[in-house]
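Pasting my_file_37.txt here (compact mmCIF, C-alpha atoms):
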```txt
# COMPACT_ATOMS: atom_id res chain seq x y z
CA MET Y 1 330.50 79.94 130.63
CA ALA Y 2 333.48 81.86 132.05
CA ASN Y 3 332.44 84.22 134.84
CA PRO Y 4 333.30 87.63 133.34
CA LEU Y 5 331.57 86.67 130.12
CA ARG Y 6 328.48 85.62 132.03
CA ARG Y 7 328.29 89.08 133.57
CA GLU Y 8 328.74 90.71 130.16
CA VAL Y 9 325.98 88.65 128.59
CA ARG Y 10 323.62 89.49 131.43
CA GLN Y 11 324.49 93.20 131.16
CA LEU Y 12 323.93 93.06 127.40
CA TYR Y 13 320.50 91.55 127.95
CA LYS Y 14 319.57 94.25 130.47
CA ASN Y 15 320.81 97.04 128.18
CA LEU Y 16 318.88 95.68 125.20
CA LEU Y 17 315.75 95.22 127.31
CA TYR Y 18 316.01 98.84 128.48
CA LEU Y 19 316.32 100.11 124.91
CA GLY Y 20 313.47 97.90 123.75
CA ARG Y 21 310.94 99.75 125.89
CA GLU Y 22 310.48 102.32 123.14
CA TYR Y 23 310.42 99.88 120.26
CA PRO Y 24 307.79 101.00 117.71
CA GLN Y 25 306.10 97.59 117.50
CA GLY Y 26 305.82 97.46 121.30
CA ALA Y 27 308.04 96.57 124.25
CA ASP Y 28 306.48 93.09 124.56
CA TYR Y 29 307.16 92.26 120.91
CA PHE Y 30 310.76 93.32 121.41
CA ARG Y 31 311.14 91.31 124.61
CA GLU Y 32 309.84 88.13 122.93
CA ARG Y 33 312.30 88.49 120.04
CA LEU Y 34 315.13 89.34 122.48
CA ASN Y 35 314.41 86.28 124.63
CA SER Y 36 314.28 83.91 121.67
CA ALA Y 37 317.52 85.38 120.28
CA PHE Y 38 319.32 84.77 123.59
CA MET Y 39 317.71 81.32 124.05
CA LYS Y 40 318.86 80.27 120.59
CA ASN Y 41 322.49 80.67 121.71
CA LYS Y 42 321.95 79.21 125.19
CA TYR Y 43 324.33 76.28 124.76
CA VAL Y 44 327.27 78.08 123.13
CA THR Y 45 330.42 77.45 125.21
CA ASP Y 46 333.35 78.65 123.06
CA PRO Y 47 334.44 82.05 124.55
CA LYS Y 48 335.40 83.36 121.10
CA GLU Y 49 331.90 82.58 119.81
CA ILE Y 50 330.32 84.24 122.83
CA ARG Y 51 332.51 87.31 122.33
CA LYS Y 52 331.33 87.54 118.70
CA LEU Y 53 327.69 87.26 119.74
CA VAL Y 54 328.11 89.91 122.45
CA ASP Y 55 329.70 92.27 119.91
CA CYS Y 56 326.73 91.59 117.65
CA GLY Y 57 324.45 92.61 120.49
CA GLU Y 58 326.42 95.84 121.02
CA ASP Y 59 325.90 96.64 117.32
CA VAL Y 60 322.16 96.15 117.77
CA ILE Y 61 322.25 98.67 120.62
CA LYS Y 62 323.90 101.22 118.35
CA GLU Y 63 321.38 100.50 115.57
CA LEU Y 64 318.44 100.96 117.92
CA GLY Y 65 319.83 104.28 119.17
CA THR Y 66 320.24 105.49 115.59
CA MET Y 67 316.76 104.31 114.62
CA TYR Y 68 315.15 106.13 117.55
CA TYR Y 69 317.06 109.28 116.68
CA LEU Y 70 316.07 109.15 112.99
CA ARG Y 71 312.44 108.65 113.90
CA GLU Y 72 312.48 111.65 116.22
CA TYR Y 73 314.42 113.80 113.74
CA SER Y 74 312.06 113.06 110.83
CA ILE Y 75 308.94 113.80 112.90
CA MET Y 76 310.44 117.02 114.26
CA LYS Y 77 311.57 118.05 110.80
CA LYS Y 78 308.13 117.52 109.35
CA ARG Y 79 306.46 119.37 112.19
CA PHE Y 80 308.70 122.40 112.34
CA TYR Y 81 310.14 122.71 108.88
CA GLU Y 82 307.14 121.90 106.71
CA GLU Y 83 306.99 125.56 105.66
CA GLU Y 84 310.54 125.22 104.42
CA LEU Y 85 309.66 122.15 102.37
CA LEU Y 86 306.50 123.75 100.99
CA GLY Y 87 308.52 126.81 100.06
CA LEU Y 88 311.02 124.69 98.18
CA LEU Y 89 308.21 122.96 96.29
CA ASN Y 90 306.44 126.30 95.68
CA ILE Y 91 303.26 125.04 97.27
CA GLY Y 92 301.04 127.50 99.15
CA ARG Y 93 299.94 126.92 102.75
CA PRO Y 94 296.64 125.05 103.15
CA THR Y 95 293.75 127.39 103.98
CA ASP Y 96 291.50 126.54 106.94
CA MET H 1 336.74 128.07 135.18
CA SER H 2 334.32 127.58 132.30
CA ARG H 3 330.87 126.45 133.26
CA VAL H 4 327.83 125.93 131.05
CA LEU H 5 324.22 126.00 132.18
CA VAL H 6 321.83 123.90 130.12
CA GLY H 7 318.09 124.26 130.49
CA VAL H 8 315.94 121.18 130.03
CA LYS H 9 312.16 121.04 129.97
CA ARG H 10 309.93 118.09 130.73
CA VAL H 11 307.21 117.97 128.09
CA ILE H 12 304.68 115.46 126.79
CA ASP H 13 306.63 113.07 124.56
CA TYR H 14 306.80 114.18 120.93
CA ALA H 15 305.29 110.89 119.68
CA VAL H 16 302.19 110.99 121.92
CA LYS H 17 298.81 111.82 120.43
CA ILE H 18 297.58 114.80 122.43
CA ARG H 19 294.05 114.60 123.83
CA VAL H 20 292.04 117.55 125.15
CA LYS H 21 290.40 117.13 128.57
CA PRO H 22 286.59 116.56 128.43
CA ASP H 23 286.00 119.86 130.25
CA HIS H 24 288.22 121.68 127.74
CA SER H 25 290.32 123.10 130.56
CA GLY H 26 293.52 121.81 129.04
CA VAL H 27 295.34 118.81 127.75
CA VAL H 28 295.41 115.33 129.37
CA THR H 29 298.74 114.98 131.16
CA ASP H 30 298.02 112.31 133.82
CA GLY H 31 299.53 108.96 132.90
CA VAL H 32 300.78 110.38 129.61
CA LYS H 33 304.39 109.70 128.61
CA HIS H 34 306.65 112.67 129.25
CA SER H 35 310.23 113.13 128.14
CA MET H 36 312.88 115.79 127.54
CA ASN H 37 311.98 118.42 124.95
CA PRO H 38 313.77 117.40 121.72
CA PHE H 39 315.44 120.82 121.35
CA CYS H 40 316.66 120.56 124.95
CA GLU H 41 318.23 117.19 124.10
CA ILE H 42 320.15 118.93 121.33
CA ALA H 43 321.20 121.67 123.78
CA VAL H 44 322.50 119.08 126.28
CA GLU H 45 324.37 117.24 123.54
CA GLU H 46 326.08 120.46 122.42
CA ALA H 47 327.15 121.31 125.97
CA VAL H 48 328.52 117.80 126.56
CA LYS H 49 330.34 117.93 123.21
CA LEU H 50 331.98 121.25 124.19
CA LYS H 51 333.10 119.64 127.43
CA GLU H 52 334.49 116.60 125.57
CA LYS H 53 336.45 118.96 123.31
CA LYS H 54 337.78 120.55 126.52
CA PHE H 55 336.38 124.03 125.83
CA ILE H 56 334.49 123.98 129.11
CA LYS H 57 334.99 122.28 132.44
CA GLU H 58 331.52 121.68 133.82
CA VAL H 59 327.99 121.24 132.48
CA VAL H 60 325.10 121.92 134.84
CA ALA H 61 321.60 120.77 133.85
CA VAL H 62 318.75 122.93 135.15
CA SER H 63 315.02 122.34 135.11
CA CYS H 64 312.09 124.17 136.72
CA GLY H 65 308.96 122.40 137.82
CA PRO H 66 307.47 119.80 140.17
CA THR H 67 309.29 116.70 141.47
CA GLN H 68 308.84 114.81 138.20
CA VAL H 69 311.28 117.06 136.36
CA THR H 70 314.12 115.36 138.24
CA GLU H 71 313.63 112.44 135.81
CA THR H 72 314.46 114.83 132.97
CA ILE H 73 317.49 116.12 134.87
CA ARG H 74 318.61 112.49 135.36
CA THR H 75 318.42 111.93 131.60
CA ALA H 76 320.58 115.03 131.08
CA LEU H 77 323.06 113.65 133.63
CA ALA H 78 323.05 110.32 131.79
CA MET H 79 323.90 112.16 128.59
CA GLY H 80 326.99 113.58 130.25
CA CYS H 81 326.13 116.61 132.40
CA ASP H 82 328.11 116.82 135.64
CA ARG H 83 325.42 117.91 138.06
CA GLY H 84 321.85 119.11 138.12
CA ILE H 85 319.78 121.87 139.69
CA HIS H 86 316.08 121.39 140.30
CA VAL H 87 314.21 124.66 140.82
CA GLU H 88 311.07 123.49 142.50
CA VAL H 89 307.77 125.01 141.36
CA SER H 90 304.54 123.07 141.66
CA GLY H 91 300.80 123.19 141.29
CA LYS H 92 299.12 126.40 140.22
CA ASP H 93 302.43 128.28 140.18
CA TYR H 94 303.81 125.79 137.67
CA GLU H 95 300.77 126.12 135.43
CA ALA H 96 301.05 129.90 135.49
CA MET H 97 304.77 129.80 134.72
CA GLY H 98 305.95 130.98 131.36
CA PRO H 99 309.12 132.06 129.56
CA LEU H 100 309.46 135.30 131.54
CA GLN H 101 309.61 133.59 134.93
CA ILE H 102 311.89 130.84 133.60
CA SER H 103 314.28 133.37 132.10
CA LYS H 104 314.38 135.30 135.39
CA ILE H 105 315.34 132.06 137.15
CA PHE H 106 317.96 131.21 134.53
CA ALA H 107 319.41 134.73 134.63
CA ALA H 108 319.76 134.53 138.41
CA LEU H 109 321.34 131.07 138.18
CA ALA H 110 323.73 132.08 135.40
CA LYS H 111 325.02 134.89 137.62
CA LYS H 112 325.16 132.70 140.73
CA GLU H 113 326.98 129.84 138.98
CA GLU H 114 329.23 132.25 137.03
CA ALA H 115 328.38 130.50 133.79
CA SER H 116 330.16 131.38 130.55
CA LEU H 117 327.36 130.01 128.42
CA VAL H 118 323.68 129.30 128.84
CA ILE H 119 322.44 126.83 126.23
CA LEU H 120 318.71 126.24 125.74
CA GLY H 121 316.55 124.58 123.17
CA LYS H 122 315.11 127.08 120.71
CA GLN H 123 311.54 126.30 121.78
CA ALA H 124 309.47 123.76 123.67
CA ILE H 125 307.22 121.48 121.66
CA ASP H 126 304.30 122.01 124.04
CA ASP H 127 304.05 125.79 123.94
CA ASP H 128 306.25 126.72 120.93
CA CYS H 129 307.05 130.02 122.69
CA ASN H 130 310.62 130.47 121.40
CA GLN H 131 311.16 133.24 124.00
CA THR H 132 313.10 131.91 126.99
CA GLY H 133 316.57 132.11 125.42
CA GLN H 134 316.04 135.60 124.10
CA MET H 135 314.54 136.87 127.37
CA THR H 136 317.36 135.33 129.42
CA ALA H 137 319.95 137.08 127.26
CA ALA H 138 318.10 140.38 127.62
CA LEU H 139 317.84 140.08 131.41
CA LEU H 140 321.56 139.31 131.65
CA ASP H 141 322.46 141.83 128.97
CA TRP H 142 324.48 139.07 127.28
CA PRO H 143 324.82 138.53 123.53
CA GLN H 144 322.65 135.78 122.07
CA GLY H 145 323.18 133.21 119.33
CA THR H 146 319.71 131.83 118.63
CA PHE H 147 318.62 129.12 116.16
CA ALA H 148 322.18 127.81 116.26
CA SER H 149 322.96 125.11 113.72
CA GLU H 150 326.71 125.28 114.33
CA VAL H 151 328.70 126.47 117.34
CA THR H 152 332.47 126.94 117.48
CA ILE H 153 334.42 128.43 120.36
CA ASP H 154 337.24 130.67 119.22
CA GLY H 155 339.16 131.96 122.23
CA GLU H 156 336.91 134.35 124.13
CA LYS H 157 334.36 134.45 121.31
CA VAL H 158 331.73 132.09 119.97
CA LYS H 159 331.08 131.68 116.26
CA VAL H 160 327.43 130.80 115.69
CA VAL H 161 325.86 129.81 112.38
CA ARG H 162 322.18 130.64 112.67
CA GLU H 163 319.24 129.28 110.72
CA ILE H 164 317.20 132.26 109.64
CA ASP H 165 314.41 132.77 107.12
CA GLY H 166 316.69 133.65 104.26
CA GLY H 167 319.16 130.86 104.88
CA LEU H 168 322.18 130.87 107.19
CA GLU H 169 323.80 133.73 109.07
CA THR H 170 327.18 133.57 110.77
CA ILE H 171 327.84 135.78 113.78
CA LYS H 172 330.69 136.10 116.25
CA ILE H 173 329.68 136.97 119.79
CA SER H 174 331.69 137.34 122.96
CA MET H 175 331.20 135.24 126.07
CA PRO H 176 329.35 135.06 128.35
CA ALA H 177 326.47 134.43 125.98
CA VAL H 178 323.13 132.65 125.57
CA LEU H 179 322.68 130.11 122.77
CA THR H 180 319.53 128.37 121.62
CA ALA H 181 319.76 125.09 119.76
CA ASP H 182 318.07 124.38 116.44
CA LEU H 183 317.30 120.95 115.02
CA ARG H 184 320.40 120.58 112.88
CA LEU H 185 322.94 121.53 115.55
CA ASN H 186 323.89 117.96 116.40
CA THR H 187 322.70 114.37 116.91
CA PRO H 188 321.80 113.82 120.58
CA ARG H 189 323.15 110.61 122.09
CA TYR H 190 320.71 108.09 123.52
CA ALA H 191 320.94 107.64 127.29
CA THR H 192 321.76 103.93 127.60
CA LEU H 193 321.29 101.95 130.79
CA PRO H 194 324.97 101.94 131.90
CA ASN H 195 325.04 105.76 131.59
CA ILE H 196 321.82 106.08 133.56
CA MET H 197 323.33 103.92 136.30
CA LYS H 198 326.45 106.07 136.41
CA ALA H 199 324.32 109.22 136.53
CA LYS H 200 322.67 108.07 139.75
CA LYS H 201 325.82 109.07 141.61
CA LYS H 202 325.67 112.64 140.28
CA LYS H 203 324.11 115.30 142.48
CA ILE H 204 320.93 117.25 141.86
CA ALA H 205 320.62 120.36 144.03
CA ASN H 206 317.14 121.48 145.02
CA MET H 207 316.04 125.09 145.39
CA LYS H 208 313.04 127.40 145.17
CA PRO H 209 312.67 130.47 142.93
CA ALA H 210 312.63 132.60 146.10
CA ASP H 211 316.15 131.36 146.90
CA LEU H 212 317.26 133.06 143.70
CA GLY H 213 315.34 136.23 144.46
CA VAL H 214 312.67 135.50 141.85
CA ASP H 215 309.05 136.17 142.77
CA GLU H 216 306.19 133.80 142.26
CA PRO H 217 304.50 134.41 138.92
CA PRO H 218 301.55 136.77 139.28
CA THR H 219 298.12 135.15 139.20
CA ARG H 220 296.42 135.89 135.95
CA LEU H 221 293.72 138.54 136.17
CA ALA H 222 290.47 137.97 134.35
CA GLY H 223 290.22 139.70 130.98
CA VAL H 224 287.59 142.25 130.04
CA LYS H 225 285.58 142.06 126.85
CA VAL H 226 284.68 145.23 125.01
CA GLU H 227 282.16 145.80 122.21
CA THR H 228 283.97 148.15 119.86
CA VAL H 229 287.47 149.28 118.98
CA ASP H 230 286.66 152.74 120.42
CA ASP H 231 285.81 151.09 123.76
CA LEU H 232 289.15 149.29 123.63
CA VAL H 233 291.06 152.49 122.95
CA ALA H 234 289.16 154.30 125.76
CA LYS H 235 289.92 151.51 128.21
CA LEU H 236 293.60 151.42 127.28
CA LYS H 237 293.82 155.17 127.68
CA ALA H 238 292.09 155.02 131.09
CA ASN H 239 294.49 152.24 132.05
CA GLY H 240 297.46 154.36 131.23
CA THR H 241 298.68 151.84 128.68
CA ILE H 242 298.50 154.35 125.82
```

Entire entry expressed as structure tokens:
Amino acid sequence: MANPLRREVRQLYKNLLYLGREYPQGADYFRERLNSAFMKNKYVTDPKEIRKLVDCGEDVIKELGTMYYLREYSIMKKRFYEEELLGLLNIGRPTD
Amino acid sequence: MSRVLVGVKRVIDYAVKIRVKPDHSGVVTDGVKHSMNPFCEIAVEEAVKLKEKKFIKEVVAVSCGPTQVTETIRTALAMGCDRGIHVEVSGKDYEAMGPLQISKIFAALAKKEEASLVILGKQAIDDDCNQTGQMTAALLDWPQGTFASEVTIDGEKVKVVREIDGGLETIKISMPAVLTADLRLNTPRYATLPNIMKAKKKKIANMKPADLGVDEPPTRLAGVKVETVDDLVAKLKANGTI
């Protein structure tokens, strides 16, 4: 593997591992899948192929960021704006 | 020289299931995951966006609390703030601290740093006070744009679209001003590892509330229980409250 690419691949792995800490099904589950995904492509030598795979990895990083944001947004929305939703549906507040 | 102060609060992570301590003295915080208050994340994102659009030159992230809050300041730096200020308050003082003390600290800092804007989250998810922004504006005698779902800078003025009970309200206020961020203001960026690494080089200044001329919060006095409403009125009159 060419040297600069080697560094990129390693950095990609570290970045993905860092993001995977908050994965909903658990950091360990994520790490296992991450390791097997990288191991699967262990013997790829063509720089163009490696470049494509690294770009794929960058896309995964973006997807994870978006997923984490959506999860947080939907929970926050439910928690703080439930009254708004209930109002729209013309449902009264639950009595204690 | 346009500078923005952003307040960030370290709270128990929004996804954690809260447990009450066995002695009912409070909530379990030891070993529990903490992170930046979601509304503070939105505030940081807005400040960084304004800097990227070149409306302001510098974003300063501020947090009050014990040493651990520096982690939260680091996250703000990783999101794009230029430097941080850690106002150190720990132990009993930290537990007694509320929006009034925080807003005094922020007001003092806003003056000291000559900030054009102070951006805060609308409320913290642990206490739901929704007071700090408003109190800070009052102490500074600055206009406030609270529950902001859209912020546009127009010369020396800020156009704020606010989320209110009836729908949306658009106001135009002059700077310097205090803004509080609502959920729909923007989509906060995730602090990725390379950004966190870069943020390590950014400075976090350390200071105490006394350095800003803010007193320690008063210790809470015990309350008094009364039997009837008349007793209450009598006591309040004797107190001089009414």

Taking only C-alpha atoms into account, produce a table as a tab-separated table in which each residue of chain Y with an atom at most 7 Å from an atom of chain H appears once, together with its shortest atom pair and the distance in Å to one decimal, ordered by chain and rising number.
```
residue	atom	partner	partner_atom	distance
Y:Asn15	CA	H:Leu193	CA	5.6
Y:Tyr18	CA	H:Leu193	CA	6.5
Y:Gly65	CA	H:Tyr190	CA	5.8
```

**Report entry** d(atom CA of Y:Leu5, atom CA of Y:Met67) in Å
**Finding:** 27.8 Å

Requested in this report: Mind checking which residues fall within 10 Å of H:Leu109, counting only C-alpha atoms, ignoring those fewer than 3 positions away in the same chain, and posting them as a list in words?
Outcome: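 Here the qualifying residues turn out to be Leu5, Val62, Ile85, Val87, Ser103, Lys104, Ile105, Phe106, Lys112, Glu113, Glu114, Ala115, Val118, Pro209 and Leu212 of chain H.
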
Query - For H:Val6: contacts at 7 Å, all atoms listed in the file, fewer than 2 positions along chain excluded, given as a list in words - result: Val4, Val8, Ala43, Val44, Val60, Ala61, Val62, Val118, Ile119 and Leu120 of chain H

May I have the centre and edge lengths, in Å to one decimal, of an axis-aligned box around the listed atoms of stretch 38-50 of chain H with 3 Å added to every side, as lines of an AutoDock Vina configuration file?
```
center_x = 322.9
center_y = 119.4
center_z = 123.9
size_x = 24.2
size_y = 10.5
size_z = 11.2
```

Query raised in the report: Do you have the atom CA of H:Gln134-atom CA of H:Gly7 distance handy?
Result: 13.2 Å

Query raised in the report: What is the distance between atom CA of H:Ile153 and atom CA of H:Ile171, in Å to one decimal?
Result: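 About the pair atom CA of H:Ile153 and atom CA of H:Ile171: they are 11.9 Å apart.
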
Test item: residues at most 12 Å from Y:Glu22, all atoms listed in the file, excluding those fewer than 3 positions along its chain, as a JSON list (two decimals) with C-alpha atoms, keeping the file's coordinate frame:
```
[["chain", "number", "residue", "atom", "x", "y", "z"],
["Y", 16, "LEU", "CA", 318.88, 95.68, 125.20],
["Y", 17, "LEU", "CA", 315.75, 95.22, 127.31],
["Y", 18, "TYR", "CA", 316.01, 98.84, 128.48],
["Y", 19, "LEU", "CA", 316.32, 100.11, 124.91],
["Y", 25, "GLN", "CA", 306.10, 97.59, 117.50],
["Y", 26, "GLY", "CA", 305.82, 97.46, 121.30],
["Y", 27, "ALA", "CA", 308.04, 96.57, 124.25],
["Y", 28, "ASP", "CA", 306.48, 93.09, 124.56],
["Y", 29, "TYR", "CA", 307.16, 92.26, 120.91],
["Y", 30, "PHE", "CA", 310.76, 93.32, 121.41],
["Y", 31, "ARG", "CA", 311.14, 91.31, 124.61],
["Y", 64, "LEU", "CA", 318.44, 100.96, 117.92],
["Y", 65, "GLY", "CA", 319.83, 104.28, 119.17],
["Y", 67, "MET", "CA", 316.76, 104.31, 114.62],
["Y", 68, "TYR", "CA", 315.15, 106.13, 117.55],
["Y", 69, "TYR", "CA", 317.06, 109.28, 116.68],
["Y", 71, "ARG", "CA", 312.44, 108.65, 113.90],
["Y", 72, "GLU", "CA", 312.48, 111.65, 116.22],
["H", 13, "ASP", "CA", 306.63, 113.07, 124.56],
["H", 15, "ALA", "CA", 305.29, 110.89, 119.68],
["H", 33, "LYS", "CA", 304.39, 109.70, 128.61],
["H", 35, "SER", "CA", 310.23, 113.13, 128.14],
["H", 190, "TYR", "CA", 320.71, 108.09, 123.52]]
```

**Report entry** Test item: residues at most 12 Å from H:Glu71, only C-alpha atoms, excluding those fewer than 5 positions along its chain, as a list of chain:residue names
**Finding:**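 Skipping anything fewer than 5 positions along the chain leaves H:Val8, H:Lys9, H:Arg10, H:Val11, H:His34, H:Ser35, H:Met36, H:Ala61, H:Val62, H:Ser63, H:Cys64, H:Gly65, H:Pro66, H:Ala76, H:Leu77, H:Ala78, H:Gly84, H:Ile85, H:His86, H:Ile196, H:Ala199, H:Lys200, H:Ile204.
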
Query - Residue nearest Y:Asp59 - candidates Y:Leu12, Y:Pro4, Y:Asn41, Y:Arg21, atoms counted: only C-alpha atoms - result: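 Smallest distance to Y:Asp59 is found for Y:Leu12.
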
Query - Residues within 9 Å of H:Leu179, only C-alpha atoms, excluding chain neighbours under 3 positions, as a VMD selection string - result: chain H and resid 43 117 to 122 133 to 134 137 143 to 148 151 160

Query raised in the report: In terms of the shortest atom-to-atom distance over only C-alpha atoms, which of Y:Leu70, Y:Asp46, Y:Lys77, Y:Gly20 is closest to Y:Arg33?
Result: Y:Gly20

Missing atoms in stretch 74-83 of chain Y: can you complete it with all heavy atoms, as an mmCIF file, keeping the file's coordinate frame?
```
data_model
loop_
_atom_site.group_PDB
_atom_site.id
_atom_site.type_symbol
_atom_site.label_atom_id
_atom_site.label_comp_id
_atom_site.auth_asym_id
_atom_site.auth_seq_id
_atom_site.Cartn_x
_atom_site.Cartn_y
_atom_site.Cartn_z
ATOM 1 N N SER Y 74 312.952 112.900 111.991
ATOM 2 C CA SER Y 74 312.060 113.060 110.830
ATOM 3 C C SER Y 74 310.727 113.642 111.239
ATOM 4 O O SER Y 74 310.165 114.475 110.536
ATOM 5 C CB SER Y 74 311.883 111.747 110.082
ATOM 6 O OG SER Y 74 311.166 110.832 110.871
ATOM 7 N N ILE Y 75 310.204 113.236 112.431
ATOM 8 C CA ILE Y 75 308.940 113.800 112.900
ATOM 9 C C ILE Y 75 309.111 115.285 113.213
ATOM 10 O O ILE Y 75 308.281 116.120 112.833
ATOM 11 C CB ILE Y 75 308.406 113.037 114.128
ATOM 12 C CG1 ILE Y 75 307.977 111.634 113.701
ATOM 13 C CG2 ILE Y 75 307.250 113.780 114.777
ATOM 14 C CD1 ILE Y 75 307.476 110.756 114.821
ATOM 15 N N MET Y 76 310.199 115.619 113.896
ATOM 16 C CA MET Y 76 310.440 117.020 114.260
ATOM 17 C C MET Y 76 310.611 117.865 113.007
ATOM 18 O O MET Y 76 310.112 118.987 112.924
ATOM 19 C CB MET Y 76 311.708 117.126 115.132
ATOM 20 C CG MET Y 76 311.573 116.506 116.499
ATOM 21 S SD MET Y 76 310.333 117.331 117.501
ATOM 22 C CE MET Y 76 311.173 118.843 117.823
ATOM 23 N N LYS Y 77 311.318 117.307 112.029
ATOM 24 C CA LYS Y 77 311.570 118.050 110.800
ATOM 25 C C LYS Y 77 310.251 118.346 110.084
ATOM 26 O O LYS Y 77 309.996 119.455 109.647
ATOM 27 C CB LYS Y 77 312.505 117.262 109.900
ATOM 28 C CG LYS Y 77 312.889 118.009 108.670
ATOM 29 C CD LYS Y 77 314.226 117.542 108.111
ATOM 30 C CE LYS Y 77 314.610 118.443 106.954
ATOM 31 N NZ LYS Y 77 315.132 117.709 105.814
ATOM 32 N N LYS Y 78 309.409 117.338 110.025
ATOM 33 C CA LYS Y 78 308.130 117.520 109.350
ATOM 34 C C LYS Y 78 307.292 118.564 110.067
ATOM 35 O O LYS Y 78 306.650 119.407 109.461
ATOM 36 C CB LYS Y 78 307.357 116.177 109.339
ATOM 37 C CG LYS Y 78 306.990 115.713 107.943
ATOM 38 C CD LYS Y 78 306.126 114.492 107.954
ATOM 39 C CE LYS Y 78 306.964 113.230 108.195
ATOM 40 N NZ LYS Y 78 306.104 112.026 108.275
ATOM 41 N N ARG Y 79 307.309 118.492 111.400
ATOM 42 C CA ARG Y 79 306.460 119.370 112.190
ATOM 43 C C ARG Y 79 306.902 120.816 112.137
ATOM 44 O O ARG Y 79 306.103 121.724 112.075
ATOM 45 C CB ARG Y 79 306.492 118.912 113.649
ATOM 46 C CG ARG Y 79 305.173 118.961 114.340
ATOM 47 C CD ARG Y 79 305.283 118.445 115.731
ATOM 48 N NE ARG Y 79 305.027 117.031 115.806
ATOM 49 C CZ ARG Y 79 305.121 116.338 116.943
ATOM 50 N NH1 ARG Y 79 305.491 116.921 118.040
ATOM 51 N NH2 ARG Y 79 304.870 115.051 116.951
ATOM 52 N N PHE Y 80 308.217 121.039 112.197
ATOM 53 C CA PHE Y 80 308.700 122.400 112.340
ATOM 54 C C PHE Y 80 309.216 123.001 111.051
ATOM 55 O O PHE Y 80 309.372 124.200 110.958
ATOM 56 C CB PHE Y 80 309.821 122.466 113.393
ATOM 57 C CG PHE Y 80 309.300 122.296 114.776
ATOM 58 C CD1 PHE Y 80 309.212 121.039 115.354
ATOM 59 C CD2 PHE Y 80 308.871 123.381 115.502
ATOM 60 C CE1 PHE Y 80 308.707 120.882 116.628
ATOM 61 C CE2 PHE Y 80 308.372 123.227 116.786
ATOM 62 C CZ PHE Y 80 308.290 121.974 117.344
ATOM 63 N N TYR Y 81 309.504 122.174 110.067
ATOM 64 C CA TYR Y 81 310.140 122.710 108.880
ATOM 65 C C TYR Y 81 309.314 122.469 107.632
ATOM 66 O O TYR Y 81 309.792 122.584 106.525
ATOM 67 C CB TYR Y 81 311.551 122.138 108.718
ATOM 68 C CG TYR Y 81 312.405 122.500 109.910
ATOM 69 C CD1 TYR Y 81 312.424 121.669 111.032
ATOM 70 C CD2 TYR Y 81 313.125 123.676 109.944
ATOM 71 C CE1 TYR Y 81 313.162 122.012 112.146
ATOM 72 C CE2 TYR Y 81 313.867 124.026 111.061
ATOM 73 C CZ TYR Y 81 313.882 123.190 112.148
ATOM 74 O OH TYR Y 81 314.605 123.524 113.251
ATOM 75 N N GLU Y 82 308.025 122.155 107.844
ATOM 76 C CA GLU Y 82 307.140 121.900 106.710
ATOM 77 C C GLU Y 82 307.083 123.127 105.809
ATOM 78 O O GLU Y 82 307.073 123.007 104.598
ATOM 79 C CB GLU Y 82 305.741 121.551 107.215
ATOM 80 C CG GLU Y 82 304.795 121.215 106.090
ATOM 81 C CD GLU Y 82 303.837 120.098 106.456
ATOM 82 O OE1 GLU Y 82 304.014 119.511 107.532
ATOM 83 O OE2 GLU Y 82 302.942 119.827 105.676
ATOM 84 N N GLU Y 83 307.047 124.323 106.446
ATOM 85 C CA GLU Y 83 306.990 125.560 105.660
ATOM 86 C C GLU Y 83 308.160 125.628 104.700
ATOM 87 O O GLU Y 83 308.027 126.040 103.559
ATOM 88 C CB GLU Y 83 307.031 126.765 106.590
ATOM 89 C CG GLU Y 83 305.977 126.726 107.665
ATOM 90 C CD GLU Y 83 305.160 127.994 107.720
ATOM 91 O OE1 GLU Y 83 305.459 128.920 106.960
ATOM 92 O OE2 GLU Y 83 304.225 128.050 108.518
#
```
